[in-house]
Structures are given as C-alpha cells and as structure tokens.
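S.K.: Enclosed is the structure file work-v6.csv (CSV, C-alpha atoms (C1' of nucleotides)).
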```
chain,number,residue,atom,x,y,z
A,1,MET,CA,-0.6,69.9,54.3
A,2,SER,CA,-0.6,70.8,57.9
A,3,GLU,CA,-3.1,73.1,59.6
A,4,PRO,CA,-2.6,76.6,58.1
A,5,ARG,CA,-1.2,79.3,60.3
A,6,TRP,CA,-4.5,81.3,60.7
A,7,LEU,CA,-4.4,84.9,61.6
A,8,SER,CA,-5.1,85.9,65.2
A,9,GLY,CA,-7.9,88.3,65.9
A,10,ASP,CA,-5.6,91.2,66.1
A,11,GLU,CA,-3.7,90.2,63.0
A,12,GLN,CA,-7.0,89.8,61.1
A,13,GLN,CA,-8.0,93.3,62.2
A,14,VAL,CA,-4.7,94.7,61.0
A,15,TRP,CA,-4.9,92.9,57.7
A,16,ARG,CA,-8.5,93.9,57.0
A,17,ASP,CA,-7.8,97.5,57.8
A,18,PHE,CA,-4.5,97.5,55.8
A,19,SER,CA,-6.1,95.8,52.9
A,20,MET,CA,-9.0,98.2,52.8
A,21,ALA,CA,-6.8,101.2,53.4
A,22,ILE,CA,-4.4,100.5,50.5
A,23,THR,CA,-7.3,99.6,48.2
A,24,MET,CA,-9.1,102.8,48.9
A,25,LEU,CA,-6.0,104.9,48.8
A,26,GLN,CA,-5.1,103.5,45.4
A,27,ALA,CA,-8.6,104.0,44.1
A,28,HIS,CA,-8.6,107.5,45.4
A,29,LEU,CA,-5.3,108.5,43.8
A,30,GLU,CA,-6.3,106.7,40.6
A,31,GLY,CA,-9.5,108.6,40.4
A,32,GLN,CA,-7.8,111.9,41.1
A,33,LEU,CA,-5.2,111.4,38.3
A,34,GLN,CA,-7.7,110.0,35.9
A,35,HIS,CA,-10.1,112.8,36.5
A,36,GLU,CA,-7.7,115.7,36.6
A,37,SER,CA,-5.0,114.5,34.1
A,38,GLY,CA,-6.7,111.8,32.0
A,39,MET,CA,-4.1,109.2,32.8
A,40,PRO,CA,-4.0,106.1,35.1
A,41,HIS,CA,-1.5,106.0,37.9
A,42,THR,CA,0.6,103.4,36.1
A,43,TYR,CA,1.0,105.7,33.1
A,44,TYR,CA,1.9,108.6,35.4
A,45,GLU,CA,4.7,106.5,36.9
A,46,VAL,CA,5.9,105.5,33.4
A,47,LEU,CA,6.3,109.2,32.6
A,48,VAL,CA,8.1,109.8,35.8
A,49,SER,CA,10.5,107.0,35.2
A,50,LEU,CA,11.3,108.3,31.7
A,51,SER,CA,11.6,111.9,32.9
A,52,GLU,CA,14.3,110.8,35.4
A,53,ALA,CA,16.2,108.7,32.9
A,54,GLU,CA,19.2,109.9,31.0
A,55,ASP,CA,18.0,111.8,27.8
A,56,ARG,CA,14.5,111.0,29.0
A,57,ARG,CA,14.6,107.6,27.3
A,58,LEU,CA,14.8,104.0,28.4
A,59,ARG,CA,14.8,100.7,26.6
A,60,MET,CA,11.5,98.9,26.9
A,61,SER,CA,12.9,96.2,29.1
A,62,GLU,CA,14.7,98.6,31.3
A,63,LEU,CA,11.5,100.6,31.8
A,64,ALA,CA,9.7,97.4,32.6
A,65,ALA,CA,12.3,96.4,35.1
A,66,VAL,CA,12.3,99.8,36.8
A,67,ARG,CA,8.5,99.8,37.0
A,68,ARG,CA,8.3,96.1,38.0
A,69,SER,CA,5.9,95.8,35.1
A,70,SER,CA,5.5,92.9,32.6
A,71,ARG,CA,6.8,93.6,29.2
A,72,SER,CA,3.3,93.0,27.8
A,73,ARG,CA,1.8,95.6,30.1
A,74,LEU,CA,4.4,98.1,29.2
A,75,SER,CA,4.0,97.5,25.5
A,76,HIS,CA,0.3,98.2,25.7
A,77,ALA,CA,0.9,101.2,27.9
A,78,VAL,CA,3.5,102.7,25.7
A,79,ALA,CA,1.3,102.1,22.7
A,80,ARG,CA,-1.4,104.2,24.3
A,81,LEU,CA,1.0,106.9,25.5
A,82,GLU,CA,2.4,107.1,22.0
A,83,ALA,CA,-1.1,107.6,20.7
A,84,LYS,CA,-1.5,110.5,23.1
A,85,GLY,CA,1.8,111.9,21.8
A,86,TRP,CA,3.5,111.7,25.2
A,87,VAL,CA,6.0,109.0,24.4
A,88,ARG,CA,7.7,108.2,21.1
A,89,ARG,CA,9.3,104.9,20.2
A,90,GLU,CA,12.7,104.7,18.5
A,91,SER,CA,14.3,101.6,17.2
A,92,CYS,CA,17.6,100.7,18.7
A,93,PRO,CA,20.6,100.8,16.2
A,94,THR,CA,22.8,98.4,18.2
A,95,ASP,CA,20.2,95.7,18.7
A,96,LYS,CA,17.5,95.6,16.1
A,97,ARG,CA,15.1,93.7,18.4
A,98,GLY,CA,15.2,96.5,20.9
A,99,ALA,CA,13.2,99.7,21.2
A,100,TRP,CA,13.6,102.9,23.1
A,101,ALA,CA,10.7,104.6,24.8
A,102,VAL,CA,11.4,108.4,24.6
A,103,LEU,CA,9.5,111.0,26.6
A,104,THR,CA,8.3,113.7,24.2
A,105,ASP,CA,8.1,117.4,25.2
A,106,GLU,CA,4.3,117.1,25.2
A,107,GLY,CA,4.7,114.1,27.6
A,108,PHE,CA,7.0,116.1,29.9
A,109,ALA,CA,4.5,119.0,29.8
A,110,ALA,CA,1.7,116.6,30.7
A,111,LEU,CA,3.7,115.3,33.6
A,112,GLU,CA,4.5,118.8,34.8
A,113,GLU,CA,0.8,119.6,34.7
A,114,ALA,CA,-0.3,116.4,36.4
A,115,ALA,CA,2.3,116.5,39.2
A,116,PRO,CA,1.1,119.2,41.5
A,117,GLY,CA,-2.4,117.7,41.8
A,118,HIS,CA,-1.0,114.3,42.3
A,119,VAL,CA,1.4,115.2,45.1
A,120,GLU,CA,-1.3,117.2,46.8
A,121,ALA,CA,-3.5,114.2,46.7
A,122,VAL,CA,-0.8,112.0,48.1
A,123,ARG,CA,0.0,114.5,50.9
A,124,GLU,CA,-3.7,115.0,51.7
A,125,SER,CA,-4.7,111.4,51.8
A,126,LEU,CA,-1.5,109.9,53.3
A,127,PHE,CA,1.1,112.2,54.9
A,128,ASP,CA,-1.4,114.6,56.4
A,129,ALA,CA,-3.0,111.6,58.1
A,130,LEU,CA,0.2,110.4,59.8
A,131,SER,CA,2.5,111.7,62.4
A,132,PRO,CA,6.2,112.0,61.6
A,133,THR,CA,6.9,108.9,63.7
A,134,GLN,CA,4.3,107.0,61.7
A,135,VAL,CA,5.7,108.1,58.4
A,136,ALA,CA,9.1,106.8,59.5
A,137,ALA,CA,7.6,103.5,60.6
A,138,LEU,CA,5.7,103.3,57.3
A,139,GLY,CA,9.0,103.7,55.5
A,140,ASP,CA,10.6,100.8,57.4
A,141,ILE,CA,7.5,98.6,57.0
A,142,SER,CA,7.5,99.2,53.2
A,143,ALA,CA,11.1,98.5,52.9
A,144,ALA,CA,10.6,95.2,54.9
A,145,ILE,CA,7.8,94.2,52.6
A,146,LEU,CA,9.8,95.0,49.5
A,147,GLU,CA,12.7,93.0,50.9
A,148,ARG,CA,10.4,90.1,51.6
A,149,LEU,CA,8.7,90.2,48.2
A,150,ARG,CA,11.9,90.5,46.2
A,151,PRO,CA,12.8,86.9,45.7
A,152,ARG,CA,9.2,86.1,44.8
A,153,CYS,CA,9.1,88.6,42.0
A,154,ALA,CA,10.9,87.7,38.8
A,155,ALA,CA,10.7,91.3,37.5
A,156,ALA,CA,12.3,92.5,40.7
A,157,VAL,CA,15.2,90.1,40.4
A,158,ALA,CA,15.8,91.2,36.8
A,159,ALA,CA,15.7,94.8,37.8
A,160,GLU,CA,18.3,94.2,40.5
A,161,GLU,CA,20.6,92.2,38.3
A,162,ALA,CA,20.5,95.0,35.8
A,163,ALA,CA,21.5,97.4,38.6
A,164,GLY,CA,24.2,95.1,39.9
A,165,PHE,CA,22.4,94.1,43.0
A,166,VAL,CA,23.9,91.2,44.9
A,167,ALA,CA,21.5,89.2,47.1
A,168,PRO,CA,22.5,88.7,50.7
A,169,VAL,CA,23.8,85.3,51.5
A,170,VAL,CA,21.6,84.7,54.6
A,171,GLU,CA,18.7,82.4,54.3
A,172,LEU,CA,15.2,83.8,54.8
A,173,PRO,CA,13.9,82.1,58.0
A,174,LYS,CA,11.2,79.6,57.0
A,175,SER,CA,9.4,80.4,60.2
A,176,GLY,CA,7.0,77.6,60.0
B,1,MET,CA,-3.2,127.9,42.8
B,2,SER,CA,-0.2,128.4,45.1
B,3,GLU,CA,3.1,126.4,45.0
B,4,PRO,CA,2.2,122.8,45.7
B,5,ARG,CA,3.5,121.2,48.9
B,6,TRP,CA,6.1,119.0,47.3
B,7,LEU,CA,7.4,115.9,49.1
B,8,SER,CA,10.7,116.2,50.9
B,9,GLY,CA,13.4,113.7,50.0
B,10,ASP,CA,12.6,111.5,52.9
B,11,GLU,CA,8.9,111.6,52.2
B,12,GLN,CA,9.4,110.8,48.6
B,13,GLN,CA,11.5,107.8,49.5
B,14,VAL,CA,8.7,106.6,51.8
B,15,TRP,CA,6.0,107.2,49.3
B,16,ARG,CA,7.9,105.4,46.5
B,17,ASP,CA,8.7,102.4,48.7
B,18,PHE,CA,5.2,102.3,50.1
B,19,SER,CA,3.6,102.6,46.7
B,20,MET,CA,5.8,99.9,45.2
B,21,ALA,CA,5.3,97.7,48.2
B,22,ILE,CA,1.5,97.7,48.2
B,23,THR,CA,1.4,97.3,44.4
B,24,MET,CA,3.7,94.3,44.5
B,25,LEU,CA,2.0,92.9,47.6
B,26,GLN,CA,-1.4,93.1,45.9
B,27,ALA,CA,-0.1,91.6,42.7
B,28,HIS,CA,1.5,88.8,44.6
B,29,LEU,CA,-1.7,87.9,46.5
B,30,GLU,CA,-3.8,88.4,43.4
B,31,GLY,CA,-1.6,86.0,41.5
B,32,GLN,CA,-1.6,83.4,44.3
B,33,LEU,CA,-5.4,83.4,44.5
B,34,GLN,CA,-5.9,83.5,40.8
B,35,HIS,CA,-3.5,80.7,40.3
B,36,GLU,CA,-4.5,78.4,43.2
B,37,SER,CA,-8.2,79.1,43.4
B,38,GLY,CA,-9.2,80.6,40.1
B,39,MET,CA,-10.6,83.8,41.5
B,40,PRO,CA,-9.5,87.4,41.8
B,41,HIS,CA,-9.0,88.8,45.3
B,42,THR,CA,-12.1,91.0,45.0
B,43,TYR,CA,-14.2,87.9,44.4
B,44,TYR,CA,-12.6,86.2,47.4
B,45,GLU,CA,-13.5,89.1,49.6
B,46,VAL,CA,-17.1,89.0,48.3
B,47,LEU,CA,-17.4,85.4,49.3
B,48,VAL,CA,-15.9,86.2,52.7
B,49,SER,CA,-18.4,89.0,53.3
B,50,LEU,CA,-21.3,86.7,52.3
B,51,SER,CA,-20.0,83.9,54.4
B,52,GLU,CA,-20.0,86.1,57.5
B,53,ALA,CA,-23.4,87.6,56.9
B,54,GLU,CA,-26.6,86.3,58.5
B,55,ASP,CA,-27.9,83.3,56.5
B,56,ARG,CA,-24.9,83.9,54.2
B,57,ARG,CA,-26.8,86.4,52.2
B,58,LEU,CA,-26.8,90.2,51.7
B,59,ARG,CA,-28.7,92.6,49.6
B,60,MET,CA,-26.6,93.8,46.6
B,61,SER,CA,-26.4,97.3,48.0
B,62,GLU,CA,-25.4,96.1,51.4
B,63,LEU,CA,-22.7,94.0,49.9
B,64,ALA,CA,-21.5,96.9,47.9
B,65,ALA,CA,-21.4,99.1,51.0
B,66,VAL,CA,-19.5,96.5,53.1
B,67,ARG,CA,-17.0,96.0,50.3
B,68,ARG,CA,-16.8,99.7,49.4
B,69,SER,CA,-17.5,98.6,45.9
B,70,SER,CA,-19.5,100.3,43.3
B,71,ARG,CA,-22.8,98.7,42.5
B,72,SER,CA,-21.8,98.3,38.9
B,73,ARG,CA,-18.6,96.4,39.9
B,74,LEU,CA,-20.6,94.2,42.2
B,75,SER,CA,-23.2,93.5,39.6
B,76,HIS,CA,-20.6,92.3,37.2
B,77,ALA,CA,-18.8,90.3,39.9
B,78,VAL,CA,-21.9,88.6,41.2
B,79,ALA,CA,-22.9,87.8,37.6
B,80,ARG,CA,-19.6,86.0,37.2
B,81,LEU,CA,-19.8,84.3,40.6
B,82,GLU,CA,-23.3,83.1,39.8
B,83,ALA,CA,-22.0,81.6,36.5
B,84,LYS,CA,-19.4,79.7,38.6
B,85,GLY,CA,-22.2,78.5,40.8
B,86,TRP,CA,-20.7,80.1,43.9
B,87,VAL,CA,-23.4,82.7,44.5
B,88,ARG,CA,-27.1,82.7,43.7
B,89,ARG,CA,-29.4,85.7,43.2
B,90,GLU,CA,-32.8,85.8,44.9
B,91,SER,CA,-35.3,88.5,44.3
B,92,CYS,CA,-36.5,90.4,47.3
B,93,PRO,CA,-40.2,89.9,48.2
B,94,THR,CA,-40.5,93.2,50.2
B,95,ASP,CA,-38.8,95.4,47.6
B,96,LYS,CA,-39.2,94.2,44.1
B,97,ARG,CA,-36.3,96.3,42.9
B,98,GLY,CA,-34.0,94.6,45.3
B,99,ALA,CA,-31.9,91.4,45.0
B,100,TRP,CA,-30.2,89.1,47.5
B,101,ALA,CA,-26.8,87.7,46.8
B,102,VAL,CA,-26.7,84.3,48.5
B,103,LEU,CA,-23.6,82.2,49.0
B,104,THR,CA,-24.2,78.7,47.7
B,105,ASP,CA,-22.8,75.5,49.4
B,106,GLU,CA,-20.4,75.3,46.4
B,107,GLY,CA,-19.3,78.9,47.0
B,108,PHE,CA,-18.7,78.2,50.7
B,109,ALA,CA,-16.7,75.1,49.8
B,110,ALA,CA,-14.7,77.1,47.3
B,111,LEU,CA,-13.9,79.6,50.0
B,112,GLU,CA,-12.9,76.9,52.5
B,113,GLU,CA,-10.6,75.6,49.9
B,114,ALA,CA,-9.1,78.9,49.0
B,115,ALA,CA,-8.6,80.2,52.5
B,116,PRO,CA,-5.6,78.3,53.7
B,117,GLY,CA,-3.4,79.2,50.7
B,118,HIS,CA,-4.5,82.8,50.9
B,119,VAL,CA,-3.8,83.3,54.6
B,120,GLU,CA,-0.5,81.5,54.2
B,121,ALA,CA,0.4,83.9,51.4
B,122,VAL,CA,-0.6,86.9,53.6
B,123,ARG,CA,1.4,85.6,56.5
B,124,GLU,CA,4.4,84.8,54.4
B,125,SER,CA,4.5,88.1,52.5
B,126,LEU,CA,3.4,90.5,55.1
B,127,PHE,CA,3.3,89.3,58.8
B,128,ASP,CA,6.5,87.2,58.6
B,129,ALA,CA,8.3,90.3,57.3
B,130,LEU,CA,7.3,92.5,60.2
B,131,SER,CA,8.0,92.6,63.9
B,132,PRO,CA,5.1,92.6,66.3
B,133,THR,CA,5.8,96.3,66.9
B,134,GLN,CA,5.6,97.0,63.2
B,135,VAL,CA,2.4,95.1,62.9
B,136,ALA,CA,0.8,97.2,65.6
B,137,ALA,CA,2.1,100.3,63.9
B,138,LEU,CA,0.7,99.2,60.6
B,139,GLY,CA,-2.7,98.7,62.3
B,140,ASP,CA,-2.6,102.3,63.5
B,141,ILE,CA,-1.4,103.7,60.2
B,142,SER,CA,-4.1,101.8,58.3
B,143,ALA,CA,-6.8,103.0,60.6
B,144,ALA,CA,-5.5,106.6,60.2
B,145,ILE,CA,-5.6,106.3,56.5
B,146,LEU,CA,-9.1,104.9,56.5
B,147,GLU,CA,-10.2,107.6,58.8
B,148,ARG,CA,-8.7,110.2,56.5
B,149,LEU,CA,-10.2,108.7,53.4
B,150,ARG,CA,-13.7,108.2,54.8
B,151,PRO,CA,-15.2,111.6,54.0
B,152,ARG,CA,-13.7,111.4,50.5
B,153,CYS,CA,-15.4,108.1,49.6
B,154,ALA,CA,-19.1,108.1,48.9
B,155,ALA,CA,-19.4,104.4,49.3
B,156,ALA,CA,-17.8,104.6,52.7
B,157,VAL,CA,-20.2,107.2,53.8
B,158,ALA,CA,-23.2,105.1,52.6
B,159,ALA,CA,-21.8,102.1,54.4
B,160,GLU,CA,-21.5,104.0,57.7
B,161,GLU,CA,-24.9,105.5,57.4
B,162,ALA,CA,-26.3,102.1,56.9
B,163,ALA,CA,-24.4,101.0,60.1
B,164,GLY,CA,-25.6,104.0,62.1
B,165,PHE,CA,-22.2,105.8,62.1
B,166,VAL,CA,-22.2,109.4,63.1
B,167,ALA,CA,-19.4,111.5,61.8
B,168,PRO,CA,-17.4,113.5,64.4
B,169,VAL,CA,-18.2,117.1,64.5
B,170,VAL,CA,-14.6,118.3,64.5
B,171,GLU,CA,-13.2,119.8,61.3
B,172,LEU,CA,-10.4,118.1,59.5
B,173,PRO,CA,-7.4,120.5,59.8
B,174,LYS,CA,-6.7,122.0,56.4
B,175,SER,CA,-3.0,121.9,57.3
B,176,GLY,CA,-1.9,124.1,54.4
C,1,DA,C1',-55.3,108.3,42.1
C,2,DG,C1',-51.5,110.2,39.5
C,3,DC,C1',-47.1,112.0,39.0
C,4,DA,C1',-42.3,113.5,40.1
C,5,DG,C1',-38.1,112.3,41.9
C,6,DG,C1',-35.3,109.0,44.2
C,7,DT,C1',-33.4,104.3,44.8
C,8,DA,C1',-31.9,99.2,43.4
C,9,DA,C1',-29.8,97.0,40.2
C,10,DT,C1',-28.3,95.9,35.6
C,11,DT,C1',-26.2,96.8,31.0
C,12,DG,C1',-22.8,98.1,27.4
C,13,DA,C1',-18.9,100.4,25.7
C,14,DG,C1',-14.4,101.4,26.4
C,15,DT,C1',-9.9,100.9,29.2
C,16,DC,C1',-6.2,98.4,31.4
C,17,DC,C1',-4.6,94.3,32.7
C,18,DT,C1',-2.9,89.1,32.1
C,19,DC,C1',-1.6,85.1,29.7
C,20,DA,C1',-0.1,82.6,25.9
C,21,DA,C1',1.4,82.8,21.3
C,22,DT,C1',4.1,85.0,18.0
C,23,DC,C1',7.7,87.5,15.4
C,24,DA,C1',12.3,89.0,14.8
C,25,DG,C1',16.9,89.3,15.8
C,26,DG,C1',21.2,88.0,18.7
C,27,DG,C1',25.1,84.8,19.8
C,28,DG,C1',27.2,80.5,20.5
C,29,DT,C1',28.7,76.2,18.4
C,30,DA,C1',29.9,72.8,14.9
D,1,DT,C1',27.7,79.3,7.1
D,2,DA,C1',23.9,76.9,9.2
D,3,DC,C1',21.8,75.7,13.2
D,4,DC,C1',19.6,76.2,17.6
D,5,DC,C1',18.3,78.5,21.6
D,6,DC,C1',17.7,82.6,24.0
D,7,DT,C1',16.1,87.4,24.4
D,8,DG,C1',13.4,91.9,23.1
D,9,DA,C1',9.2,93.2,22.0
D,10,DT,C1',4.5,93.0,20.2
D,11,DT,C1',-0.1,91.0,19.6
D,12,DG,C1',-4.9,89.3,20.5
D,13,DA,C1',-8.2,87.2,23.4
D,14,DG,C1',-10.5,87.4,27.5
D,15,DG,C1',-11.3,89.1,32.3
D,16,DA,C1',-12.2,93.0,35.6
D,17,DC,C1',-13.2,97.6,36.2
D,18,DT,C1',-15.3,102.5,35.3
D,19,DC,C1',-18.7,105.6,33.6
D,20,DA,C1',-22.9,106.7,31.7
D,21,DA,C1',-27.3,105.3,30.4
D,22,DT,C1',-31.3,102.4,31.4
D,23,DT,C1',-34.9,99.6,33.6
D,24,DA,C1',-37.9,98.8,37.3
D,25,DC,C1',-39.8,100.0,41.3
D,26,DC,C1',-40.8,102.7,45.6
D,27,DT,C1',-42.4,107.0,48.0
D,28,DG,C1',-44.1,111.3,49.0
D,29,DC,C1',-46.8,115.1,47.4
D,30,DT,C1',-50.9,117.2,45.6
```
Show me the file's structure as structure tokens.

M.R.:
Amino acid sequence: MSEPRWLSGDEQQVWRDFSMAITMLQAHLEGQLQHESGMPHTYYEVLVSLSEAEDRRLRMSELAAVRRSSRSRLSHAVARLEAKGWVRRESCPTDKRGAWAVLTDEGFAALEEAAPGHVEAVRESLFDALSPTQVAALGDISAAILERLRPRCAAAVAAEEAAGFVAPVVELPKSG
Amino acid sequence: MSEPRWLSGDEQQVWRDFSMAITMLQAHLEGQLQHESGMPHTYYEVLVSLSEAEDRRLRMSELAAVRRSSRSRLSHAVARLEAKGWVRRESCPTDKRGAWAVLTDEGFAALEEAAPGHVEAVRESLFDALSPTQVAALGDISAAILERLRPRCAAAVAAEEAAGFVAPVVELPKSG
DNA sequence: AGCAGGTAATTGAGTCCTCAATCAGGGGTA
DNA sequence: TACCCCTGATTGAGGACTCAATTACCTGCT
C-alpha cells in the first residue's frame, strides 16, 4: 500500500464542517419528527414512498429499493409501522413469497399531520440558511455524490435495474 | 398555524438528493470503518478528538462538547472503547465527580491503522466526486448550516461557552 | 456547619439498526 | 416429477443510541 492521499488543511476543514453539519442536521430533524410525530425519519420516508406509489402500496423489495434500505431493516420497520396501524401487509397472490406493504388511511393521516412540521424544520434549518445560489450548488453536489456512490451501493444498483437504468459506458477515473 | 411553507419542486429535488446523498455517504463510510477497522464512525471521531487533545486526554464533558455528543452516548461509547483497550478512564483529583478519558497507546495505534483507509474512503466517495469549486462551495454551505443549527443545539452552545464563544447580537431573521 | 440546588457522569430500558441464519416459494433442467 | 439454486421476506442476537432516573459530588447561601 502506498502513502495514502491525506487531506490538505483546507480539505480537512471542509470535511470536518460537512461531517458535523450533516450529523447535526440529521439529528435535529430526527428529533423534531420523533418529538412532534412519534416516528423516526426513516419511517417518515417509508410513509412518503408508499403515499406516492400507485394504490399507496409497494412490494417489500420495491420499497427497499426505492428507499435504498436493506430488506431486513425494512422488514423491522414495516413490522413496527404495522403495529402502529399505519401500514398493512398483504400477501401477494401471484408470488406467494412476496408481500405488499400498503399505507392505511391512518398512516396517510399520520403523514399529513407530520408533514408541515417536518418541511418547516427542513426549511428553517437548511434552506433558510442558504442563498439560492448555494441551494443550486448543493443540488449539483448532491447529485455528484449520488452518482459517485451508485456503483458502490448494491441496493442502488438493484433500484436502478428495476427502473430500467442503464449505466454509462465511461470508466470512472481512478484518479490515483 | 398558517399554511406551511412547502418546498418548491426544485427545492424538493435538492432536498431529496441531498438527504439521500448524505445518508448513503454516511452509510458507506460507516461500513468501511466497521469492516476494515471494527469501529463505528463515532468511535473513530472520539479517538481523533482524544489524539489531538493535550496529553491525549479530555474530561468526559469536554469530549462530549467537542464531539457535540450527549454525555450518555459518550459514557456508553467510552465504556466500549475501554473494553477494547483503546481508552482508559482516570478519575479527576481536583473534582471527584469528574473523569478523564485517556487515549491508550493501543488506541493511538488503532487510530493510525484505521486512518489511511478512512481518508481514502472519504476522498474517493466525496472529494474525487467534486470539482475544487464545488469543494469550496460545500465548505461555505456546511459552515452556514452549522451556524444556523448552533442556537438550536444545546451541546453546541455548551461547547462554545467552554471555548469562550460569544454569540452575535443580531437576530436571526424569522423569514416567514 | 448544614442544606439546597446544580453539575459530572453513569445506568437501564427501550428503539432502530446490522449481520447472519432461516423459511418458503419460484423456475429451470434432466 | 424431482432436483437444485436463486429470490422474497422474516427472524433473532447484538451493537449504538435516546431518554429518564440515579449516584456522587461541588458550591453558594444562611
């Protein structure tokens, strides 16, 4: 192994600030949702994904792919959401191994109730802090990171194959 | 409560990409550290903070403040790091309630061994994906988020008071 | 001195995650 | 049909975190 490509002083500063910022931001939003709506952010996003799906239902593995979540995590999550009455499981007639996760009316109502506080928190802690230029830059940066992470994430690959995504032919520069 | 300030289409796109990007990035780095060095990212950062402190030691509450961590979390973490032999606790002679967390030689060695793989992962998944301009923008964005989050985070306030920080007198614009 | 209230740190229960193991059912081939 | 392997989903154990309660000690007041 050769000498690692250490971060420069500036890079280190950026990384530390970025790392701290996203950690605190996530903790802040997690706390807000947990406190005001009694659900973790992950569960909120599961409800959102279901609410946007056709008939407000998705197969477990589709849901996992959309959310870039492991099946195990999702299984636990849906079990808990089912206990809360926000999601219902239905077995799949065409594939007996399969299961649908279906958003219940109570789940939809819980989401409607949680949403305003959540978006307000997102706005207040993120968008209000940034200029329009910075917001645009953040969009590009996020897209670049996602692009970079895609081949490294099995769940992402599965999600895209399900959606008919075709990977670009160009090689990622190995830049080392 | 008035109508919430919903996100515009563009904002929503940015938020979803950003949220997914940071979640995947953290998961990626967490996995890398856990896999190659057997420690979660939080513990890695605890070791880093100790390694940079004078005599490689900090009081538990100082460490919590530096890391923006709850005392409870830190207590659990240090207990586990102690079990691994990477950190040692010493009771404080001047304040019998207090405790020092001291980085052991084994802990320092573990950090030295973990560092190259970790910075390589950070470089590969973050810096290699961004142009120098984007890196600079990300630095500014992160600083703005941190600034915004500061008054909302009790741990941050405590940390800054410990460091002699004086909050600016200006009001945050309520921008509603 | 004696006490009240605050601070340092830990503890335990409960939640959410990961990982590996498991169960159950498809789908191709001989 | 019988077999094998792959896929969909769940389970349980163990780790990391949160929140609330607790212990131990300091400090200022009377």

S.K.: Would you tabulate, counting only C-alpha atoms (C1' of nucleotides), all residues of chain A that have an atom at most 10 Å from an atom of chain C, showing the closest pair of atoms and their distance in Å to one decimal, sorted by chain then ascending number, as JSON lines?

M.R.:
```
{"residue": "A:Pro40", "atom": "CA", "partner": "C:DC16", "partner_atom": "C1'", "distance": 8.8}
{"residue": "A:Thr42", "atom": "CA", "partner": "C:DC16", "partner_atom": "C1'", "distance": 9.7}
{"residue": "A:Ser70", "atom": "CA", "partner": "C:DT18", "partner_atom": "C1'", "distance": 9.2}
{"residue": "A:Ser72", "atom": "CA", "partner": "C:DT18", "partner_atom": "C1'", "distance": 8.5}
{"residue": "A:Arg73", "atom": "CA", "partner": "C:DC17", "partner_atom": "C1'", "distance": 7.0}
{"residue": "A:His76", "atom": "CA", "partner": "C:DC16", "partner_atom": "C1'", "distance": 8.6}
{"residue": "A:Ala77", "atom": "CA", "partner": "C:DC16", "partner_atom": "C1'", "distance": 8.4}
{"residue": "A:Asp95", "atom": "CA", "partner": "C:DG25", "partner_atom": "C1'", "distance": 7.8}
{"residue": "A:Lys96", "atom": "CA", "partner": "C:DG25", "partner_atom": "C1'", "distance": 6.3}
{"residue": "A:Arg97", "atom": "CA", "partner": "C:DG25", "partner_atom": "C1'", "distance": 5.4}
{"residue": "A:Gly98", "atom": "CA", "partner": "C:DG25", "partner_atom": "C1'", "distance": 9.0}
```

S.K.: Skipping near chain neighbours, those fewer than 5 positions away, what residues fall within 8 Å of range 105-120 of chain A using only C-alpha atoms (C1' of nucleotides), listed as an mmCIF file with C-alpha atoms, in the frame of the given file?

M.R.:
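Everything below was put into result_2.cif:
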```cif
data_model
loop_
_atom_site.group_PDB
_atom_site.id
_atom_site.type_symbol
_atom_site.label_atom_id
_atom_site.label_comp_id
_atom_site.auth_asym_id
_atom_site.auth_seq_id
_atom_site.Cartn_x
_atom_site.Cartn_y
_atom_site.Cartn_z
ATOM 1 C CA LEU A 29 -5.300 108.500 43.800
ATOM 2 C CA GLN A 32 -7.800 111.900 41.100
ATOM 3 C CA LEU A 33 -5.200 111.400 38.300
ATOM 4 C CA GLU A 36 -7.700 115.700 36.600
ATOM 5 C CA SER A 37 -5.000 114.500 34.100
ATOM 6 C CA TYR A 44 1.900 108.600 35.400
ATOM 7 C CA LEU A 47 6.300 109.200 32.600
ATOM 8 C CA VAL A 48 8.100 109.800 35.800
ATOM 9 C CA SER A 51 11.600 111.900 32.900
ATOM 10 C CA GLY A 85 1.800 111.900 21.800
ATOM 11 C CA TRP A 86 3.500 111.700 25.200
ATOM 12 C CA VAL A 87 6.000 109.000 24.400
ATOM 13 C CA PRO B 4 2.200 122.800 45.700
ATOM 14 C CA ARG B 5 3.500 121.200 48.900
ATOM 15 C CA TRP B 6 6.100 119.000 47.300
ATOM 16 C CA LEU B 7 7.400 115.900 49.100
#
```

S.K.: Taking all atoms listed in the file into account, find every residue of chain A that has an atom no more than 7 Å from chain B, and write it out as a VMD selection string.

M.R.: chain A and resid 4 to 6 14 17 to 18 21 to 22 116 119 to 120 125 to 126 129 to 130 134 139 141 to 146 148 to 149

S.K.: Contacts between chain B and chain D, please, where a residue of chain D counts if it comes within 12 Å (with all atoms listed in the file); show its shortest atom pair and distance in Å to one decimal, rows by chain and ascending number, as CSV.

M.R.:
```
residue,atom,partner,partner_atom,distance
D:DG15,C1',B:Pro40,CA,9.8
D:DA16,C1',B:Ala77,CA,8.3
D:DC17,C1',B:Arg73,CA,6.7
D:DT18,C1',B:Arg73,CA,8.3
D:DC19,C1',B:Ser72,CA,9.5
D:DA20,C1',B:Ser72,CA,11.1
D:DT23,C1',B:Arg97,CA,10.0
D:DA24,C1',B:Arg97,CA,6.3
D:DC25,C1',B:Arg97,CA,5.3
D:DC26,C1',B:Asp95,CA,7.8
```

S.K.: Figure out the distance between CA of Glu82 in chain A and CA of Thr94 in chain A, please, to one decimal in Å.

M.R.: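 Value for the CA of Thr94 in chain A-CA of Glu82 in chain A distance: 22.5 Å.
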
S.K.: Work out how far apart CA of Met60 in chain B and C1' of DT22 in chain D are and give it in Å to one decimal.

M.R.: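 We find that CA of Met60 in chain B and C1' of DT22 in chain D lie 18.1 Å from each other.
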